[in-house]
Structure formats: C-alpha cells, structure tokens
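K.L.:
Contents of final37.cif (mmCIF, C-alpha atoms) are given next:
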data_run
#
loop_
_atom_site.label_atom_id
_atom_site.label_comp_id
_atom_site.auth_asym_id
_atom_site.auth_seq_id
_atom_site.Cartn_x
_atom_site.Cartn_y
_atom_site.Cartn_z
CA MET A 1 71.09 103.83 77.07
CA LEU A 2 73.62 101.26 78.05
CA ARG A 3 72.11 98.21 79.68
CA GLY A 4 73.64 95.23 81.45
CA VAL A 5 73.19 91.68 80.40
CA SER A 6 70.21 91.13 82.73
CA ALA A 7 66.80 92.70 82.42
CA ARG A 8 66.55 95.82 84.52
CA PRO A 9 63.87 96.12 87.19
CA SER A 10 60.84 98.27 86.46
CA ARG A 11 60.96 101.78 87.88
CA PRO A 12 58.55 102.87 90.58
CA PRO A 13 56.18 105.72 89.65
CA ARG A 14 57.98 108.38 91.64
CA ARG A 15 61.22 108.42 89.65
CA HIS A 16 62.24 112.02 89.06
CA ALA A 17 62.79 113.61 85.70
CA ARG A 18 66.07 113.78 83.83
CA VAL A 19 69.24 115.81 83.86
CA GLY A 20 69.80 116.92 80.25
CA ILE A 21 73.31 116.78 78.80
CA VAL A 22 73.30 119.29 75.96
CA GLY A 23 75.22 121.63 73.59
CA ALA A 24 77.78 124.40 74.13
CA VAL A 25 78.29 126.98 76.89
CA VAL A 26 76.36 126.81 80.20
CA VAL A 27 72.73 126.06 79.33
CA ALA A 28 69.69 125.30 81.46
CA VAL A 29 67.30 122.75 80.04
CA VAL A 30 64.01 121.62 81.53
CA VAL A 31 62.94 118.07 80.79
CA VAL A 32 59.55 116.92 82.05
CA GLY A 33 59.18 113.21 82.68
CA ALA A 34 55.76 111.76 81.85
CA GLY A 35 53.69 112.27 84.98
CA LEU A 36 56.79 112.66 87.14
CA GLY A 37 57.13 116.45 87.27
CA ALA A 38 60.01 118.60 86.12
CA TRP A 39 63.51 118.48 87.50
CA VAL A 40 66.61 119.17 85.46
CA VAL A 41 69.69 121.34 85.18
CA GLY A 42 71.83 120.95 82.07
CA ARG A 43 75.15 122.70 81.78
CA GLY A 44 77.81 123.20 79.16
CA ARG A 45 81.50 122.84 79.83
CA PRO A 46 83.03 125.62 81.95
CA ASP A 47 85.47 126.43 79.15
CA GLY A 48 82.60 127.04 76.73
CA ALA A 49 83.55 124.18 74.40
CA ALA A 50 80.87 122.08 72.75
CA LEU A 51 79.61 119.09 74.65
CA THR A 52 80.31 115.97 72.62
CA ALA A 53 79.18 112.62 73.91
CA PRO A 54 81.83 109.92 73.63
CA SER A 55 81.01 106.46 72.42
CA ARG A 56 79.34 104.38 75.10
CA PRO A 57 81.28 101.65 76.87
CA THR A 58 80.55 98.12 75.72
CA SER A 59 81.21 94.72 77.19
CA THR A 60 84.83 94.98 76.13
CA VAL A 61 87.47 95.77 78.71
CA ILE A 62 88.56 99.40 79.01
CA ARG A 63 92.24 99.38 78.16
CA GLY A 64 94.95 101.99 78.42
CA GLY A 65 94.28 103.66 75.07
CA GLU A 66 90.52 103.92 75.62
CA PRO A 67 88.59 106.60 77.54
CA SER A 68 89.13 106.48 81.29
CA TYR A 69 85.83 108.18 82.28
CA PRO A 70 87.07 110.42 85.10
CA TYR A 71 85.31 111.65 88.22
CA THR A 72 86.31 114.12 90.94
CA LEU A 73 86.58 112.94 94.54
CA LEU A 74 85.37 115.09 97.42
CA ASP A 75 88.95 116.07 98.23
CA GLY A 76 89.42 117.43 94.70
CA ARG A 77 91.51 114.56 93.34
CA THR A 78 90.63 113.02 89.98
CA ALA A 79 90.07 109.27 89.65
CA SER A 80 88.69 107.14 86.84
CA VAL A 81 86.53 104.11 86.18
CA ALA A 82 89.53 102.39 84.60
CA ALA A 83 91.31 102.49 87.97
CA LEU A 84 88.50 100.43 89.51
CA ARG A 85 89.39 97.35 87.49
CA GLY A 86 90.63 94.33 89.41
CA ARG A 87 87.54 94.13 91.62
CA PRO A 88 83.83 94.66 90.98
CA ALA A 89 82.43 98.18 91.33
CA LEU A 90 79.02 99.79 91.34
CA LEU A 91 78.53 103.12 89.56
CA TRP A 92 75.43 104.81 90.95
CA PHE A 93 74.24 108.20 89.69
CA VAL A 94 72.50 110.60 92.09
CA ALA A 95 71.16 114.14 91.91
CA PRO A 96 69.66 116.67 94.32
CA GLY A 97 65.89 117.01 94.22
CA CYS A 98 65.56 113.34 93.26
CA SER A 99 63.17 111.82 95.82
CA SER A 100 64.05 108.24 94.90
CA CYS A 101 67.75 109.04 95.40
CA GLN A 102 66.96 110.42 98.84
CA ALA A 103 65.14 107.20 99.71
CA SER A 104 67.80 104.97 98.13
CA ILE A 105 70.80 106.45 99.95
CA PRO A 106 69.93 105.10 103.43
CA VAL A 107 69.00 101.75 101.88
CA MET A 108 72.37 101.50 100.18
CA ALA A 109 74.05 102.62 103.40
CA SER A 110 72.41 99.76 105.29
CA HIS A 111 73.78 97.23 102.77
CA LEU A 112 77.36 98.50 102.64
CA PRO A 113 78.58 95.47 104.68
CA ALA A 114 77.43 93.20 101.83
CA PHE A 115 79.43 95.23 99.30
CA ALA A 116 82.45 95.21 101.61
CA ALA A 117 82.19 91.44 101.98
CA ALA A 118 82.14 91.14 98.18
CA ARG A 119 85.15 93.51 97.96
CA THR A 120 83.07 95.77 95.75
CA ARG A 121 83.51 99.52 95.67
CA VAL A 122 80.33 101.63 95.50
CA VAL A 123 80.87 104.94 93.68
CA ALA A 124 78.03 107.39 94.29
CA LEU A 125 78.33 109.80 91.37
CA GLY A 126 76.78 113.24 91.20
CA LEU A 127 75.33 113.54 87.68
CA TYR A 128 77.18 116.03 85.52
CA GLY A 129 75.14 119.25 85.40
CA ALA A 130 73.05 118.39 88.46
CA PHE A 131 75.61 119.99 90.81
CA ASP A 132 77.78 123.07 90.40
CA SER A 133 81.23 122.48 89.02
CA GLY A 134 84.43 122.47 91.08
CA GLY A 135 84.57 123.10 94.80
CA PRO A 136 80.98 124.39 95.20
CA GLY A 137 79.61 121.27 93.53
CA LEU A 138 81.71 119.00 95.71
CA LYS A 139 80.36 120.74 98.82
CA GLN A 140 76.81 120.34 97.52
CA LEU A 141 77.34 116.63 96.87
CA ALA A 142 78.91 116.09 100.29
CA SER A 143 76.03 117.88 101.98
CA PHE A 144 73.50 115.87 99.97
CA GLY A 145 75.13 112.56 100.82
CA ARG A 146 75.66 113.38 104.47
CA THR A 147 72.03 114.48 104.88
CA TYR A 148 70.58 111.15 103.75
CA ALA A 149 73.38 108.71 104.63
CA THR A 150 73.86 110.29 108.08
CA SER A 151 76.42 108.34 110.14
CA ALA A 152 77.16 105.95 107.25
CA PHE A 153 78.44 108.72 105.00
CA PRO A 154 82.15 108.28 105.95
CA ASP A 155 82.03 104.50 105.43
CA PRO A 156 85.10 103.58 103.31
CA THR A 157 83.12 101.05 101.28
CA TRP A 158 81.66 103.79 99.14
CA THR A 159 83.10 106.82 97.41
CA TRP A 160 81.25 110.05 96.66
CA ALA A 161 82.37 111.98 93.60
CA LEU A 162 81.23 114.30 90.81
CA ALA A 163 80.94 112.56 87.45
CA SER A 164 82.57 114.19 84.46
CA LEU A 165 80.66 114.89 81.26
CA ARG A 166 82.44 111.98 79.59
CA LEU A 167 81.52 109.57 82.36
CA THR A 168 77.89 110.68 82.57
CA THR A 169 77.27 110.54 78.85
CA ALA A 170 79.02 107.18 78.57
CA TYR A 171 76.89 105.35 81.13
CA ASP A 172 73.82 107.55 81.65
CA PRO A 173 73.45 109.67 78.47
CA GLN A 174 69.85 110.65 79.22
CA GLY A 175 70.87 111.93 82.64
CA VAL A 176 68.41 109.86 84.66
CA PRO A 177 69.21 109.95 88.41
CA ASP A 178 69.19 106.86 90.63
CA GLU A 179 70.41 104.50 87.90
CA TYR A 180 73.29 102.12 88.64
CA PHE A 181 75.73 99.88 86.77
CA LEU A 182 77.42 96.88 88.34
CA LEU A 183 80.85 96.33 86.78
CA ASP A 184 82.78 93.10 86.93
CA SER A 185 86.48 93.01 87.80
CA ALA A 186 87.36 93.60 84.14
CA GLY A 187 85.29 96.78 83.95
CA ARG A 188 82.38 95.25 82.00
CA VAL A 189 78.77 96.04 82.85
CA ALA A 190 77.41 92.84 84.40
CA TYR A 191 74.06 94.27 85.47
CA SER A 192 72.21 97.59 85.43
CA GLY A 193 69.13 98.82 87.19
CA ALA A 194 67.54 101.73 88.99
CA THR A 195 66.14 102.93 92.33
CA PRO A 196 67.98 100.80 94.90
CA VAL A 197 65.21 101.58 97.38
CA SER A 198 63.03 99.12 95.45
CA SER A 199 65.59 96.97 93.62
CA VAL A 200 68.40 96.40 96.13
CA GLY A 201 67.42 92.74 96.51
CA ALA A 202 67.94 92.08 92.81
CA LEU A 203 71.16 94.09 92.86
CA LEU A 204 72.59 92.06 95.75
CA ALA A 205 71.54 88.82 94.08
CA HIS A 206 73.51 89.81 90.97
CA LEU A 207 76.42 90.87 93.16
CA ASP A 208 76.32 87.46 94.82
CA SER A 209 76.25 85.76 91.43
CA LEU A 210 79.16 87.87 90.23
CA THR A 211 81.40 87.46 93.26
CA GLY A 212 80.24 84.19 94.79
CA THR A 213 79.50 85.83 98.14
CA ARG A 214 76.32 85.90 100.16
CA PRO A 215 74.78 89.42 99.87
CA SER A 216 73.52 89.22 103.43
CA GLY A 217 77.10 89.33 104.70
CA SER A 218 76.45 86.23 106.82
CA ALA A 219 79.09 84.03 108.39
CA SER A 220 79.53 81.99 105.21
CA ALA A 221 80.52 85.07 103.26
CA PRO A 222 84.19 86.06 102.93
CA THR A 223 85.59 88.39 105.56
CA PRO A 224 85.05 92.03 104.47
CA ALA A 225 88.12 93.69 103.04
CA SER A 226 89.72 96.35 105.17
CA PRO A 227 89.41 99.96 103.93
CA GLU A 228 93.05 99.96 102.93
CA THR A 229 92.59 97.02 100.56
CA LEU A 230 89.49 98.30 98.81
CA PRO A 231 90.10 99.97 95.41
#
Please, can you express the file's structure as structure tokens?

P.N.:
Amino acid sequence: MLRGVSARPSRPPRRHARVGIVGAVVVAVVVVGAGLGAWVVGRGRPDGAALTAPSRPTSTVIRGGEPSYPYTLLDGRTASVAALRGRPALLWFVAPGCSSCQASIPVMASHLPAFAAARTRVVALGLYGAFDSGGPGLKQLASFGRTYATSAFPDPTWTWALASLRLTTAYDPQGVPDEYFLLDSAGRVAYSGATPVSSVGALLAHLDSLTGTRPSGSASAPTPASPETLP
C-alpha cells in the first residue's frame, strides 16, 4: 500500500475490515480482519470486464499523459485527482458499515475551517465496491455523509464523491476504509494515515507543515479561501 513520507499513526482496535477489489464480473468477497469482524463488498466492473489494478502513484507529479484517477461527484459529473493540482488536497476513503468512518466524519467536519484556511480541498471518497454504482451509489453516499456530518455536510470545503476502480486501487489497493492521503500542490503524497477520529491532530500538524498555516485556524492563519476559489 502506498504510504506517505511520514510514518503513519497506529490504527485503533476498532478499524473495520476491508473492501476487496477483485477479478471480473460483479463478485462479492468477504474479508475478515483479524479480530475486527467481517465487512466487505467487492464488485467487478459493470461492463463485465476484468478488474486490472493500475500502477500505484509515486512521488512524481501526475502529468497529462498519466492516469487521472477519476471520481464521480454527487451531481453525476466526473472529476479527477489530476484536476486538484495547484493546491493541497486530502483524499479520504470511507465506506458504509465502517464504525471508525462514522466517528471520523463529525471530527473532520469540525476541522473544516482549518482546511479552508490552508486552501486545502477535502475529498471524501466512497470506496469502489462499497457503494452501488451510478445514481443509487451516489444517493447512498450522500445519505451516509449527511447522517454523520449533519449540518456540515454542504460545507464547500469538502467534496463527496464515488471513487473509481482506478482511483481506489491506486491509493488504497487493499480497500481499507478510513484511510487518507494528504497531497501537496503538485499532486504528491506528502503524508498518509488513518482514522481521523484518533489522528486528526497529526494530520493537521502535517497540513500546517505543508502549507505554513496554523491548523487551529487562529487569527495568525491566512484568511480562508472563499468557496469559489477552492479547487
């Protein structure tokens, strides 16, 4: 699994099991995490083609001829990780039935002002295979996010989207929910970790180091970017 340049925090004992990313046609796979219980739904591509994991991203910049790692926004539009370049971004994978995700969402919501001050987009990505595909999956993701983020769900600092197979296998090939990857403005992984509910302090410290802002969003931090100027 891809890791950032800094050591990742240890995971608390209640991490949920993994979403498997496996072979052709729609397939259900159960993966049991050691002592964590079973939770997994693996799916093939809707067109029945074989699932082939692309090469993982490295510290090199993603350029025009390289994979763009797409994701689908809640309104059905397609965007890509490559389009996030120019400012830092946080890719954070979530899945239904993941108790640590449920606990992490309100924690992340409470720290959105710090990400806005650092002009950093948070992309909450539904793991490929954990939600239905297409419109039904987008509705499931929106319902999941709204349930745990409550009034913070519409905040423009973060984006909720379904990750494609290519994106999921590139950054989170084992399909582990509640993992995140902090990208610098060039699209390189500057830091990676898991379970924001227990590691948000370390994440914000790395964000501060990356952007030169104070993660608390105090008066000495830059003025938060307006929604229109965020990527």

K.L.:
From the options A:Pro88, A:Pro96, A:Pro156, A:Gly126, which residue's atoms come nearest to Leu138 in chain A, counting only C-alpha atoms?

P.N.:
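Closest to Leu138 in chain A, using only C-alpha atoms: A:Gly126.
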
K.L.:
Contacts of Thr72 in chain A at 6 Å or less, counting all atoms listed in the file, minus same-chain residues fewer than 5 places along, as a list in words?

P.N.:
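Everything that qualifies: Arg77, Thr78, Ala161 and Leu162 of chain A.
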
K.L.:
I need the residue set behind the PyMOL selection byres ((chain A and resi 85) around 6) for this file; please write it as a list of chain:residue names.

P.N.:
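Evaluating the PyMOL selection byres ((chain A and resi 85) around 6) on this file yields A:Ala82, A:Ala83, A:Leu84, A:Gly86, A:Arg87, A:Ser185, A:Ala186, A:Gly187.
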
K.L.:
For the residues in that selection, give me C-alpha atoms as an mmCIF file, in the frame of the given file.

P.N.:
data_model
loop_
_atom_site.group_PDB
_atom_site.id
_atom_site.type_symbol
_atom_site.label_atom_id
_atom_site.label_comp_id
_atom_site.auth_asym_id
_atom_site.auth_seq_id
_atom_site.Cartn_x
_atom_site.Cartn_y
_atom_site.Cartn_z
ATOM 1 C CA ALA A 82 89.530 102.390 84.600
ATOM 2 C CA ALA A 83 91.310 102.490 87.970
ATOM 3 C CA LEU A 84 88.500 100.430 89.510
ATOM 4 C CA GLY A 86 90.630 94.330 89.410
ATOM 5 C CA ARG A 87 87.540 94.130 91.620
ATOM 6 C CA SER A 185 86.480 93.010 87.800
ATOM 7 C CA ALA A 186 87.360 93.600 84.140
ATOM 8 C CA GLY A 187 85.290 96.780 83.950
#

K.L.:
On this file, the PyMOL selection byres ((chain A and resi 122) around 10) gives some set of residues; write that set as a list of chain:residue names.

P.N.:
A:Pro88, A:Ala89, A:Leu90, A:Leu91, A:Trp92, A:Met108, A:Leu112, A:Phe115, A:Ala116, A:Arg119, A:Thr120, A:Arg121, A:Val123, A:Ala124, A:Leu125, A:Pro156, A:Thr157, A:Trp158, A:Thr159, A:Trp160, A:Tyr180, A:Leu182, A:Pro231

K.L.:
Between CA of Ser80 in chain A and CA of Ala118 in chain A, what distance in Å does the model show, to one decimal?

P.N.:
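So the two atoms, CA of Ser80 in chain A and CA of Ala118 in chain A, lie 20.7 Å apart.
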
K.L.:
Quote the spacing between CA of Thr150 in chain A and CA of Pro106 in chain A in Å to one decimal place.

P.N.:
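Computing it gives 8.0 Å between the two atoms.
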
K.L.:
Which one of A:Cys98, A:Ala114, A:Leu74, A:Ala190 sits closest to Gly137 in chain A if you count only C-alpha atoms?

P.N.:
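Ranking A:Cys98, A:Ala114, A:Leu74, A:Ala190 by distance to Gly137 in chain A, first place goes to A:Leu74.
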
K.L.:
What does the distance between CA of Ala170 in chain A and CA of Thr213 in chain A come to in Å, to one decimal place?

P.N.:
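So the two atoms, CA of Ala170 in chain A and CA of Thr213 in chain A, lie 29.0 Å apart.
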
K.L.:
Might you pull out every residue within 8 Å of Leu204 in chain A, with only C-alpha atoms counted and same-chain residues fewer than 3 positions away left off, and present them as a ChimeraX atom specification?

P.N.:
/A:114,200-201,207-208,215

K.L.:
Show me the residues around (74.3, 114.1, 100.1) - criterion: an atom at most 10 Å away, all atoms listed in the file counted - as an mmCIF file with C-alpha atoms, keeping the file's coordinate frame.

P.N.:
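Below is the file part_11.cif, written as the result:
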data_model
loop_
_atom_site.group_PDB
_atom_site.id
_atom_site.type_symbol
_atom_site.label_atom_id
_atom_site.label_comp_id
_atom_site.auth_asym_id
_atom_site.auth_seq_id
_atom_site.Cartn_x
_atom_site.Cartn_y
_atom_site.Cartn_z
ATOM 1 C CA VAL A 94 72.500 110.600 92.090
ATOM 2 C CA ALA A 95 71.160 114.140 91.910
ATOM 3 C CA PRO A 96 69.660 116.670 94.320
ATOM 4 C CA CYS A 101 67.750 109.040 95.400
ATOM 5 C CA GLN A 102 66.960 110.420 98.840
ATOM 6 C CA ILE A 105 70.800 106.450 99.950
ATOM 7 C CA ALA A 124 78.030 107.390 94.290
ATOM 8 C CA GLY A 126 76.780 113.240 91.200
ATOM 9 C CA LEU A 138 81.710 119.000 95.710
ATOM 10 C CA LYS A 139 80.360 120.740 98.820
ATOM 11 C CA GLN A 140 76.810 120.340 97.520
ATOM 12 C CA LEU A 141 77.340 116.630 96.870
ATOM 13 C CA ALA A 142 78.910 116.090 100.290
ATOM 14 C CA SER A 143 76.030 117.880 101.980
ATOM 15 C CA PHE A 144 73.500 115.870 99.970
ATOM 16 C CA GLY A 145 75.130 112.560 100.820
ATOM 17 C CA ARG A 146 75.660 113.380 104.470
ATOM 18 C CA THR A 147 72.030 114.480 104.880
ATOM 19 C CA TYR A 148 70.580 111.150 103.750
ATOM 20 C CA ALA A 149 73.380 108.710 104.630
ATOM 21 C CA THR A 150 73.860 110.290 108.080
ATOM 22 C CA PHE A 153 78.440 108.720 105.000
ATOM 23 C CA TRP A 160 81.250 110.050 96.660
#

K.L.:
Put a box with edges along x, y and z around all the listed atoms of range 197-208 of chain A, pad it by 3 Å on each side, then give me its centre and sizes in Å, one decimal, as lines of an AutoDock Vina configuration file.

P.N.:
center_x = 69.7
center_y = 94.5
center_z = 94.2
size_x = 19.4
size_y = 20.1
size_z = 12.4

K.L.:
Taking all atoms listed in the file into account, which of A:Ser68, A:Thr195, A:Ser209, A:Ser151 comes nearest Phe181 in chain A?

P.N.:
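The shortest atom-to-atom distance to Phe181 in chain A comes from A:Thr195.
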
K.L.:
Which is closer to Leu165 in chain A than all the others in A:Gly212, A:His206, A:Tyr191, A:Ser133, using only C-alpha atoms?

P.N.:
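Result for the nearest residue to Leu165 in chain A: A:Ser133.
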
K.L.:
Care to translate the PyMOL selection byres ((chain A and resi 196) around 8) into actual residues of this file, as a list in words?

P.N.:
Ser104, Val107, Met108, Asp178, Ala194, Thr195, Val197, Ser198, Ser199, Val200 and Leu203 of chain A
